>>> print(open('start_34.txt').read())   # compact mmCIF, C-alpha atoms
# COMPACT_ATOMS: atom_id res chain seq x y z
CA MET A 10 80.23 89.66 57.91
CA ASN A 11 83.12 89.18 60.23
CA THR A 12 84.46 86.04 58.67
CA THR A 13 84.48 85.20 55.04
CA VAL A 14 85.43 81.82 53.84
CA ARG A 15 87.09 81.41 50.53
CA GLU A 16 87.03 77.96 49.03
CA ASN A 17 88.84 76.49 46.12
CA ARG A 18 87.45 73.18 45.07
CA ASN A 19 89.95 71.64 42.77
CA GLY A 20 89.43 67.93 42.40
CA GLU A 21 89.05 66.27 45.74
CA GLY A 22 91.14 68.56 47.85
CA VAL A 23 89.17 71.26 49.52
CA GLN A 24 91.21 74.21 50.61
CA ARG A 25 89.61 76.70 52.86
CA GLU A 26 90.88 79.89 54.24
CA GLN A 27 89.24 81.95 56.91
CA PHE A 28 89.41 85.68 56.95
CA VAL A 29 88.47 88.36 59.40
CA ALA A 30 86.82 91.51 58.10
CA PRO A 31 88.96 94.40 59.32
CA VAL A 32 87.57 97.54 60.91
CA SER A 33 87.50 100.50 58.55
CA SER A 34 86.49 104.11 58.15
CA VAL A 35 85.65 106.23 55.13
CA ILE A 36 86.11 109.98 54.99
CA GLU A 37 84.80 112.00 52.10
CA ASP A 38 85.94 115.41 51.06
CA ALA A 39 85.57 117.49 47.91
CA ASN A 40 88.21 115.70 45.83
CA ASP A 41 88.43 112.18 47.17
CA TYR A 42 87.42 109.49 49.59
CA THR A 43 89.93 108.28 52.15
CA LEU A 44 89.51 104.71 53.24
CA GLN A 45 91.36 103.49 56.31
CA VAL A 46 91.50 99.82 57.20
CA GLU A 47 93.01 98.42 60.38
CA MET A 48 95.26 95.46 59.79
CA PRO A 49 97.60 94.96 62.72
CA GLY A 50 100.49 92.66 61.88
CA VAL A 51 100.30 93.23 58.14
CA ASN A 52 103.15 94.90 56.31
CA LYS A 53 103.63 96.04 52.71
CA GLU A 54 104.61 92.56 51.52
CA GLY A 55 101.49 90.94 52.93
CA LEU A 56 99.09 93.40 51.36
CA GLU A 57 97.09 92.69 48.22
CA ILE A 58 94.70 95.28 46.85
CA SER A 59 92.66 94.67 43.74
CA VAL A 60 89.90 96.43 41.86
CA ASP A 61 87.52 94.34 39.81
CA ASN A 62 84.69 96.19 38.09
CA ASN A 63 83.46 98.35 40.93
CA GLU A 64 84.65 96.17 43.75
CA LEU A 65 87.73 96.92 45.76
CA THR A 66 89.20 94.00 47.67
CA ILE A 67 91.84 94.39 50.33
CA LEU A 68 93.61 91.28 51.54
CA GLY A 69 96.16 91.44 54.31
CA ARG A 70 98.31 88.53 55.32
CA ARG A 71 99.74 88.84 58.78
CA SER A 72 103.37 88.37 59.54
CA LEU A 73 103.16 88.21 63.29
CA PRO A 74 106.19 88.70 65.45
CA THR A 75 107.72 85.40 66.47
CA VAL A 76 107.73 85.20 70.21
CA GLU A 77 109.75 82.60 72.06
CA GLY A 78 107.84 81.07 74.92
CA THR A 79 104.53 79.41 75.50
CA LEU A 80 101.22 81.16 75.09
CA VAL A 81 99.48 81.67 78.39
CA HIS A 82 96.69 84.04 77.41
CA ARG A 83 95.24 84.77 74.00
CA GLU A 84 92.81 87.34 72.67
CA SER A 85 94.08 87.90 69.15
CA ARG A 86 93.05 85.94 66.09
CA SER A 87 95.60 84.67 63.66
CA ASP A 88 93.28 84.78 60.63
CA ASN A 89 94.25 86.99 57.75
CA PHE A 90 92.20 90.04 56.85
CA ARG A 91 89.95 90.42 53.85
CA ARG A 92 87.26 92.90 53.01
CA THR A 93 85.51 93.99 49.85
CA PHE A 94 84.14 97.46 49.28
CA GLU A 95 81.76 98.52 46.58
CA LEU A 96 83.05 101.61 44.82
CA ASP A 97 80.95 104.55 43.87
CA PRO A 98 80.90 105.06 40.08
CA SER A 99 82.29 108.56 40.61
CA ILE A 100 85.64 107.12 41.71
CA ASP A 101 88.50 107.22 39.25
CA THR A 102 89.76 103.66 39.79
CA GLY A 103 92.92 104.29 37.80
CA LYS A 104 94.17 106.82 40.32
CA ILE A 105 93.73 104.95 43.58
CA THR A 106 96.76 105.14 45.83
CA ALA A 107 97.52 103.08 48.91
CA LYS A 108 99.99 103.02 51.76
CA ILE A 109 100.33 101.04 54.95
CA GLU A 110 101.67 102.47 58.16
CA HIS A 111 101.60 100.96 61.65
CA GLY A 112 99.11 98.32 60.59
CA VAL A 113 96.65 100.77 59.04
CA VAL A 114 96.06 100.77 55.29
CA THR A 115 95.16 104.19 53.88
CA LEU A 116 93.67 104.33 50.41
CA VAL A 117 92.94 107.55 48.62
CA LEU A 118 90.17 107.14 46.07
CA PRO A 119 90.03 110.25 43.89
CA LYS A 120 86.76 111.36 42.41
CA ALA A 121 86.59 111.67 38.65
CA GLU A 122 87.06 115.21 37.32
CA GLN A 123 83.49 115.57 36.12
CA VAL A 124 81.97 115.02 39.56
CA LYS A 125 84.20 117.42 41.47
CA PRO A 126 82.50 120.60 42.56
CA ARG A 127 83.61 123.53 40.49
CA LYS A 128 82.99 127.19 40.21
CA ILE A 129 81.81 128.57 36.95
CA THR A 130 82.94 132.03 36.21
CA VAL A 131 80.39 134.30 34.65
CA ALA A 132 81.68 135.85 31.52
CA MET B 25 44.51 89.02 38.36
CA SER B 26 47.02 86.58 39.60
CA LEU B 27 47.68 85.91 43.20
CA ILE B 28 51.24 85.77 44.30
CA ARG B 29 52.11 84.41 47.66
CA TYR B 30 53.61 87.02 49.93
CA GLN B 31 57.24 86.47 50.68
CA ALA B 32 58.61 88.05 53.75
CA PRO B 33 61.84 89.82 52.97
CA SER B 34 64.62 87.92 54.65
CA GLY B 35 66.66 89.76 57.21
CA PHE B 36 69.94 88.82 55.65
CA ALA B 37 71.04 87.62 52.26
CA TRP B 38 71.17 83.86 52.42
CA PRO B 39 74.57 83.07 51.03
CA THR B 40 75.04 80.53 48.25
CA LEU B 41 71.66 78.93 48.55
CA GLY B 42 72.35 76.50 45.76
CA ARG B 43 75.24 74.84 47.44
CA LEU B 44 73.63 72.67 50.05
CA SER B 45 76.88 70.97 50.82
CA ASN B 46 78.06 74.25 52.24
CA LEU B 47 74.97 74.90 54.23
CA ARG B 48 76.51 73.73 57.42
CA ASP B 49 79.59 75.85 56.84
CA GLU B 50 77.43 78.83 56.18
CA LEU B 51 75.53 78.23 59.38
CA ASP B 52 78.79 77.93 61.21
CA SER B 53 79.95 81.18 59.76
CA LEU B 54 76.84 82.90 61.03
CA PHE B 55 78.14 82.33 64.49
CA GLU B 56 81.16 84.35 63.47
CA LEU B 57 79.02 87.42 62.90
CA PRO B 58 80.47 90.50 64.54
CA PHE B 59 77.86 90.79 67.24
CA LEU B 60 78.36 87.21 68.34
CA SER B 61 82.08 86.61 68.06
CA ASN B 62 83.00 90.01 69.38
CA PHE B 63 80.50 89.82 72.13
CA ALA B 64 83.19 89.63 74.74
CA ASN B 65 84.80 92.70 73.22
CA GLN B 66 81.55 94.60 73.21
CA THR B 67 82.46 95.97 76.61
CA GLN B 68 84.14 98.60 74.47
CA LEU B 69 80.70 100.08 74.02
CA PHE B 70 81.00 101.21 77.59
CA SER B 71 84.68 101.57 78.21
CA GLY B 72 86.23 102.50 74.89
CA TRP B 73 88.72 100.41 73.04
CA THR B 74 90.08 97.17 74.49
CA PRO B 75 92.93 96.08 72.23
CA ALA B 76 93.57 92.36 71.91
CA LEU B 77 96.41 91.20 74.12
CA ASP B 78 98.35 87.95 74.03
CA LEU B 79 100.67 86.86 76.80
CA TYR B 80 103.60 84.48 76.44
CA GLN B 81 105.97 83.05 79.00
CA SER B 82 109.46 81.69 78.47
CA ASN B 83 112.17 80.71 80.93
CA ASP B 84 113.52 84.21 81.15
CA ASN B 85 110.75 86.51 80.00
CA VAL B 86 107.09 87.33 80.08
CA ILE B 87 106.06 88.76 76.71
CA ALA B 88 102.91 90.75 76.02
CA VAL B 89 101.80 91.29 72.41
CA VAL B 90 99.14 93.97 71.93
CA GLU B 91 97.34 94.89 68.69
CA LEU B 92 97.44 98.66 68.42
CA PRO B 93 97.05 99.63 64.77
CA GLY B 94 97.57 103.23 63.74
CA MET B 95 99.20 104.59 66.85
CA ARG B 96 102.04 107.00 67.19
CA LYS B 97 104.90 105.62 69.26
CA GLU B 98 104.74 108.67 71.53
CA ASP B 99 101.08 108.08 72.30
CA ILE B 100 101.61 104.63 73.80
CA GLU B 101 102.22 104.44 77.52
CA ILE B 102 103.36 101.33 79.36
CA SER B 103 103.40 101.05 83.11
CA LEU B 104 104.01 98.38 85.69
CA HIS B 105 102.51 98.46 89.12
CA GLU B 106 102.19 95.67 91.67
CA GLY B 107 102.42 92.90 89.12
CA MET B 108 99.96 94.56 86.74
CA LEU B 109 101.07 95.57 83.30
CA THR B 110 99.06 98.48 81.91
CA VAL B 111 99.16 99.65 78.32
CA SER B 112 97.32 102.89 77.74
CA GLY B 113 97.26 105.72 75.29
CA GLU B 114 95.22 107.75 72.95
CA ARG B 115 94.52 107.51 69.27
CA LYS B 116 94.21 110.92 67.73
CA HIS B 117 91.59 111.90 65.22
CA GLU B 118 93.18 112.08 61.80
CA THR B 119 90.44 113.68 59.75
CA GLY B 120 91.48 116.57 57.56
CA GLU B 121 89.94 119.96 58.22
CA ASN B 122 87.51 119.77 55.33
CA GLY B 123 86.83 116.08 55.56
CA LYS B 124 83.68 114.87 57.17
CA ALA B 125 83.58 111.37 58.57
CA GLU B 126 81.17 109.46 56.46
CA ARG B 127 81.30 106.14 58.20
CA SER B 128 83.70 105.13 60.89
CA GLU B 129 84.15 101.86 62.69
CA ARG B 130 87.57 102.78 63.99
CA TYR B 131 87.92 103.77 67.57
CA VAL B 132 89.33 107.18 68.32
CA GLY B 133 90.25 108.32 71.79
CA LYS B 134 91.75 106.99 74.97
CA PHE B 135 92.19 103.35 75.83
CA ARG B 136 93.58 101.40 78.72
CA ARG B 137 94.36 97.72 79.02
CA SER B 138 95.72 95.95 82.10
CA ILE B 139 96.76 92.40 82.76
CA ALA B 140 98.10 90.64 85.83
CA LEU B 141 101.51 89.12 85.15
CA PRO B 142 101.99 85.48 86.10
CA THR B 143 105.36 86.05 87.78
CA ARG B 144 107.44 88.85 89.21
CA VAL B 145 109.40 90.81 86.66
CA ASP B 146 112.37 93.12 86.70
CA ALA B 147 110.76 96.50 86.05
CA SER B 148 114.06 98.17 85.22
CA LYS B 149 114.73 95.93 82.21
CA VAL B 150 111.41 96.11 80.38
CA ASN B 151 111.75 96.57 76.63
CA ALA B 152 109.03 97.47 74.14
CA THR B 153 108.93 97.57 70.34
CA TYR B 154 106.18 98.77 68.01
CA LYS B 155 106.01 97.35 64.51
CA ASP B 156 103.20 97.05 61.94
CA GLY B 157 100.70 98.15 64.55
CA ILE B 158 101.73 95.51 67.05
CA LEU B 159 103.31 96.37 70.36
CA THR B 160 105.58 93.75 71.90
CA VAL B 161 106.57 94.25 75.52
CA THR B 162 109.32 92.00 76.84
CA LEU B 163 109.49 91.82 80.63
CA PRO B 164 112.46 89.88 82.02
CA LYS B 165 111.53 87.71 84.96
CA ALA B 166 112.90 88.61 88.35
CA GLU B 167 115.80 86.37 89.39
CA GLU B 168 113.76 84.59 92.06
CA ALA B 169 111.00 83.77 89.58
CA LYS B 170 113.27 82.03 87.06
CA PRO B 171 113.34 78.26 87.01
CA LYS B 172 116.54 76.97 88.56
CA LYS B 173 118.50 73.80 88.32
CA ILE B 174 119.89 72.60 91.56
CA GLN B 175 123.10 70.73 91.42
CA VAL B 176 123.18 67.51 93.39
CA ASN B 177 126.50 67.04 95.09
CA VAL B 178 127.83 63.63 95.82
CA ALA B 179 129.02 63.53 99.38
>>> encode(input="start_34.txt", output="structure tokens")
Amino acid sequence: MNTTVRENRNGEGVQREQFVAPVSSVIEDANDYTLQVEMPGVNKEGLEISVDNNELTILGRRSLPTVEGTLVHRESRSDNFRRTFELDPSIDTGKITAKIEHGVVTLVLPKAEQVKPRKITVA
Amino acid sequence: MSLIRYQAPSGFAWPTLGRLSNLRDELDSLFELPFLSNFANQTQLFSGWTPALDLYQSNDNVIAVVELPGMRKEDIEISLHEGMLTVSGERKHETGENGKAERSERYVGKFRRSIALPTRVDASKVNATYKDGILTVTLPKAEEAKPKKIQVNVA
């Protein structure tokens, strides 16, 4: 879903926050999966990545450039990004690494040793 | 033998069925589904990638802000022709040699985005910066397009 709404109902105040699901791609090779998520306007400080059980959640808060002047035409959305991915059990969640460069988050999700393809030498 | 009424499998998971108070919100959010909200952007099916562009105007400048995540600075091209600002470029494929793309929603390839500028600008003083995947192009207005104060002289 493109927009997820997160609600915190504490007492009477209802806080809602709207998120946009960012565009992503997954590449698999022998040792790991590479997950790339597009988050324009998000930098290292605005990025929150968490793993809970087998769910990986990436939350990106935008820090958009402040532009002086009045808006005359708009196509972008100011909502923050959030997307949850279900992880394959073969992924070693303790060894996930992440970086963000030019608004693209790259996560490397290594496969656990026992599922990697290996050659068995014949004695 | 017991008879059980046939239930058609629903096309989508109905979110949070128990919370009727949120039903309206959930319905609202359905309209935010990718194929509806991005409908205007779906032209990219035919013409590639159309990055989102915002345009601002101040007294001295026209500023264009374009979302271009994951580009290399060298691969972005900005041109100005007859009052049209064009941002174009190409996003290169980054897959490793052994990697096979399993699922990709990201656009790879050439793109081109043009917008008519509201006023005349000084093409020789255009400045562009690229940060966190966002390109900001500042185009100073031509002298004749700037708002002017006219002094009233007392005769």
>>> atom_distance(input="start_34.txt", atom1="atom CA of A:Ser33", atom2="atom CA of B:Val132")
12.0 Å
>>> residues_near_point(input="start_34.txt", point="(100.6, 101.0, 63.4)", cutoff="12 Å", atoms="all atoms listed in the file", output="compact mmCIF listing (two decimals) with C-alpha atoms, in the frame of the given file")
# COMPACT_ATOMS: atom_id res chain seq x y z
CA GLN A 45 91.36 103.49 56.31
CA VAL A 46 91.50 99.82 57.20
CA GLU A 47 93.01 98.42 60.38
CA MET A 48 95.26 95.46 59.79
CA PRO A 49 97.60 94.96 62.72
CA GLY A 50 100.49 92.66 61.88
CA VAL A 51 100.30 93.23 58.14
CA ASN A 52 103.15 94.90 56.31
CA LYS A 108 99.99 103.02 51.76
CA ILE A 109 100.33 101.04 54.95
CA GLU A 110 101.67 102.47 58.16
CA HIS A 111 101.60 100.96 61.65
CA GLY A 112 99.11 98.32 60.59
CA VAL A 113 96.65 100.77 59.04
CA VAL A 114 96.06 100.77 55.29
CA THR A 115 95.16 104.19 53.88
CA VAL B 90 99.14 93.97 71.93
CA GLU B 91 97.34 94.89 68.69
CA LEU B 92 97.44 98.66 68.42
CA PRO B 93 97.05 99.63 64.77
CA GLY B 94 97.57 103.23 63.74
CA MET B 95 99.20 104.59 66.85
CA ARG B 96 102.04 107.00 67.19
CA LYS B 97 104.90 105.62 69.26
CA GLU B 98 104.74 108.67 71.53
CA ASP B 99 101.08 108.08 72.30
CA ILE B 100 101.61 104.63 73.80
CA ARG B 115 94.52 107.51 69.27
CA THR B 153 108.93 97.57 70.34
CA TYR B 154 106.18 98.77 68.01
CA LYS B 155 106.01 97.35 64.51
CA ASP B 156 103.20 97.05 61.94
CA GLY B 157 100.70 98.15 64.55
CA ILE B 158 101.73 95.51 67.05
CA LEU B 159 103.31 96.37 70.36
>>> atom_distance(input="start_34.txt", atom1="atom CA of A:His82", atom2="atom CA of B:Leu77")
7.9 Å
>>> closest_residue(input="start_34.txt", among="A:Val76, A:Val81, A:Ile129, A:Leu65", to="A:Ile100", atoms="all atoms listed in the file")
A:Leu65
>>> residues_near_point(input="start_34.txt", point="(95.1, 89.5, 76.9)", cutoff="12 Å", atoms="all atoms listed in the file", output="list in words")
Leu80, Val81, His82, Arg83, Glu84, Ser85 and Arg86 of chain A; Asn65, Thr74, Pro75, Ala76, Leu77, Asp78, Leu79, Tyr80, Ile87, Ala88, Val89, Val90, Glu91, Leu109, Thr110, Val111, Arg137, Ser138, Ile139, Ala140 and Leu141 of chain B
>>> residues_around(input="start_34.txt", residues="B:Ala166", least_positions_apart="4", cutoff="6 Å", atoms="all atoms listed in the file", output="ChimeraX atom specification")
/B:144-146
>>> write_last_selection(input="start_34.txt", atoms="C-alpha atoms", output="CSV table (one decimal), keeping the file's coordinate frame")
chain,number,residue,atom,x,y,z
B,144,ARG,CA,107.4,88.8,89.2
B,145,VAL,CA,109.4,90.8,86.7
B,146,ASP,CA,112.4,93.1,86.7
>>> closest_residue(input="start_34.txt", among="B:Leu104, B:Val86, B:Ala152, B:Ala179", to="chain A", atoms="only C-alpha atoms")
B:Val86
>>> closest_residue(input="start_34.txt", among="A:Ile67, A:Val131, A:Ala30, A:Val35", to="chain B", atoms="all atoms listed in the file")
A:Val35
>>> residues_around(input="start_34.txt", residues="A:Pro98", least_positions_apart="6", cutoff="12 Å", atoms="all atoms listed in the file", output="PyMOL selection string")
chain A and resi 62-64+118-121+123-124
>>> write_last_selection(input="start_34.txt", atoms="C-alpha atoms", output="short mmCIF file (atom, residue, chain, number, x, y, z; two decimals), in the coordinates of the input")
data_model
loop_
_atom_site.label_atom_id
_atom_site.label_comp_id
_atom_site.auth_asym_id
_atom_site.auth_seq_id
_atom_site.Cartn_x
_atom_site.Cartn_y
_atom_site.Cartn_z
CA ASN A 62 84.69 96.19 38.09
CA ASN A 63 83.46 98.35 40.93
CA GLU A 64 84.65 96.17 43.75
CA LEU A 118 90.17 107.14 46.07
CA PRO A 119 90.03 110.25 43.89
CA LYS A 120 86.76 111.36 42.41
CA ALA A 121 86.59 111.67 38.65
CA GLN A 123 83.49 115.57 36.12
CA VAL A 124 81.97 115.02 39.56
#
>>> axis_aligned_box(input="start_34.txt", around="stretch 149-152 of chain B", padding_each_side="8 Å", output="AutoDock Vina command-line options")
--center_x 111.9 --center_y 96.7 --center_z 78.2 --size_x 21.7 --size_y 17.5 --size_z 24.1
>>> closest_residue(input="start_34.txt", among="A:Arg71, A:Thr130, A:Phe90, A:Glu77", to="B:Thr162", atoms="only C-alpha atoms")
A:Glu77
>>> atom_distance(input="start_34.txt", atom1="atom CA of A:Ser99", atom2="atom CA of A:Lys125")
9.1 Å
>>> residues_around(input="start_34.txt", residues="A:Glu57", least_positions_apart="3", cutoff="10 Å", atoms="all atoms listed in the file", output="list in words")
Lys53, Glu54, Thr66, Ile67, Leu68, Gly69, Arg70 and Arg91 of chain A
>>> closest_residue(input="start_34.txt", among="B:Ser103, B:Val161, B:Phe135, B:Gly113", to="chain A", atoms="only C-alpha atoms")
B:Val161
>>> residues_around(input="start_34.txt", residues="B:Lys173", least_positions_apart="3", cutoff="12 Å", atoms="all atoms listed in the file", output="JSON, numbers by chain")
{"B": [83, 170, 176]}
>>> decode(input="start_34.txt", residues="stretch 37-63 of chain A", atoms="N, CA and C atoms", output="tab-separated table (two decimals), in the first residue's frame")
chain	number	residue	atom	x	y	z
A	37	GLU	N	19.31	-10.59	-5.52
A	37	GLU	CA	19.84	-11.72	-4.78
A	37	GLU	C	21.08	-12.25	-5.46
A	38	ASP	N	22.12	-12.50	-4.69
A	38	ASP	CA	23.20	-13.30	-5.24
A	38	ASP	C	23.59	-14.39	-4.24
A	39	ALA	N	24.66	-15.09	-4.51
A	39	ALA	CA	24.97	-16.30	-3.75
A	39	ALA	C	25.07	-16.06	-2.24
A	40	ASN	N	25.64	-14.91	-1.84
A	40	ASN	CA	25.91	-14.71	-0.42
A	40	ASN	C	24.91	-13.81	0.30
A	41	ASP	N	24.24	-12.95	-0.45
A	41	ASP	CA	23.36	-12.01	0.24
A	41	ASP	C	22.25	-11.47	-0.66
A	42	TYR	N	21.36	-10.75	-0.02
A	42	TYR	CA	20.34	-9.99	-0.74
A	42	TYR	C	20.72	-8.53	-0.60
A	43	THR	N	20.55	-7.77	-1.66
A	43	THR	CA	20.77	-6.33	-1.58
A	43	THR	C	19.42	-5.65	-1.79
A	44	LEU	N	19.07	-4.85	-0.81
A	44	LEU	CA	17.79	-4.16	-0.86
A	44	LEU	C	18.07	-2.68	-1.05
A	45	GLN	N	17.48	-2.09	-2.07
A	45	GLN	CA	17.66	-0.66	-2.29
A	45	GLN	C	16.32	0.03	-2.21
A	46	VAL	N	16.29	1.10	-1.44
A	46	VAL	CA	15.04	1.82	-1.21
A	46	VAL	C	15.25	3.30	-1.52
A	47	GLU	N	14.39	3.84	-2.35
A	47	GLU	CA	14.53	5.25	-2.74
A	47	GLU	C	13.86	6.18	-1.76
A	48	MET	N	14.67	7.02	-1.13
A	48	MET	CA	14.12	7.99	-0.18
A	48	MET	C	14.73	9.36	-0.43
A	49	PRO	N	14.29	10.05	-1.47
A	49	PRO	CA	14.86	11.37	-1.71
A	49	PRO	C	14.57	12.33	-0.56
A	50	GLY	N	15.58	13.08	-0.17
A	50	GLY	CA	15.40	14.05	0.90
A	50	GLY	C	15.66	13.50	2.29
A	51	VAL	N	16.04	12.23	2.37
A	51	VAL	CA	16.33	11.63	3.67
A	51	VAL	C	17.85	11.51	3.79
A	52	ASN	N	18.38	11.91	4.94
A	52	ASN	CA	19.80	11.69	5.17
A	52	ASN	C	19.98	10.72	6.34
A	53	LYS	N	21.23	10.50	6.71
A	53	LYS	CA	21.57	9.51	7.73
A	53	LYS	C	20.81	9.75	9.04
A	54	GLU	N	20.66	11.01	9.40
A	54	GLU	CA	20.02	11.35	10.68
A	54	GLU	C	18.53	11.01	10.67
A	55	GLY	N	17.93	11.07	9.50
A	55	GLY	CA	16.48	10.86	9.43
A	55	GLY	C	16.09	9.41	9.21
A	56	LEU	N	17.09	8.53	9.22
A	56	LEU	CA	16.82	7.14	8.86
A	56	LEU	C	16.74	6.25	10.11
A	57	GLU	N	15.69	5.43	10.13
A	57	GLU	CA	15.50	4.51	11.26
A	57	GLU	C	15.25	3.13	10.67
A	58	ILE	N	16.11	2.18	10.99
A	58	ILE	CA	15.91	0.84	10.46
A	58	ILE	C	15.80	-0.11	11.65
A	59	SER	N	14.77	-0.94	11.65
A	59	SER	CA	14.63	-1.87	12.77
A	59	SER	C	14.23	-3.24	12.27
A	60	VAL	N	14.66	-4.25	13.02
A	60	VAL	CA	14.29	-5.62	12.70
A	60	VAL	C	13.55	-6.16	13.92
A	61	ASP	N	12.34	-6.63	13.68
A	61	ASP	CA	11.55	-7.20	14.76
A	61	ASP	C	11.05	-8.55	14.26
A	62	ASN	N	11.45	-9.60	14.96
A	62	ASN	CA	11.20	-10.97	14.48
A	62	ASN	C	11.72	-11.09	13.06
A	63	ASN	N	10.84	-11.31	12.11
A	63	ASN	CA	11.35	-11.41	10.75
A	63	ASN	C	10.85	-10.27	9.88
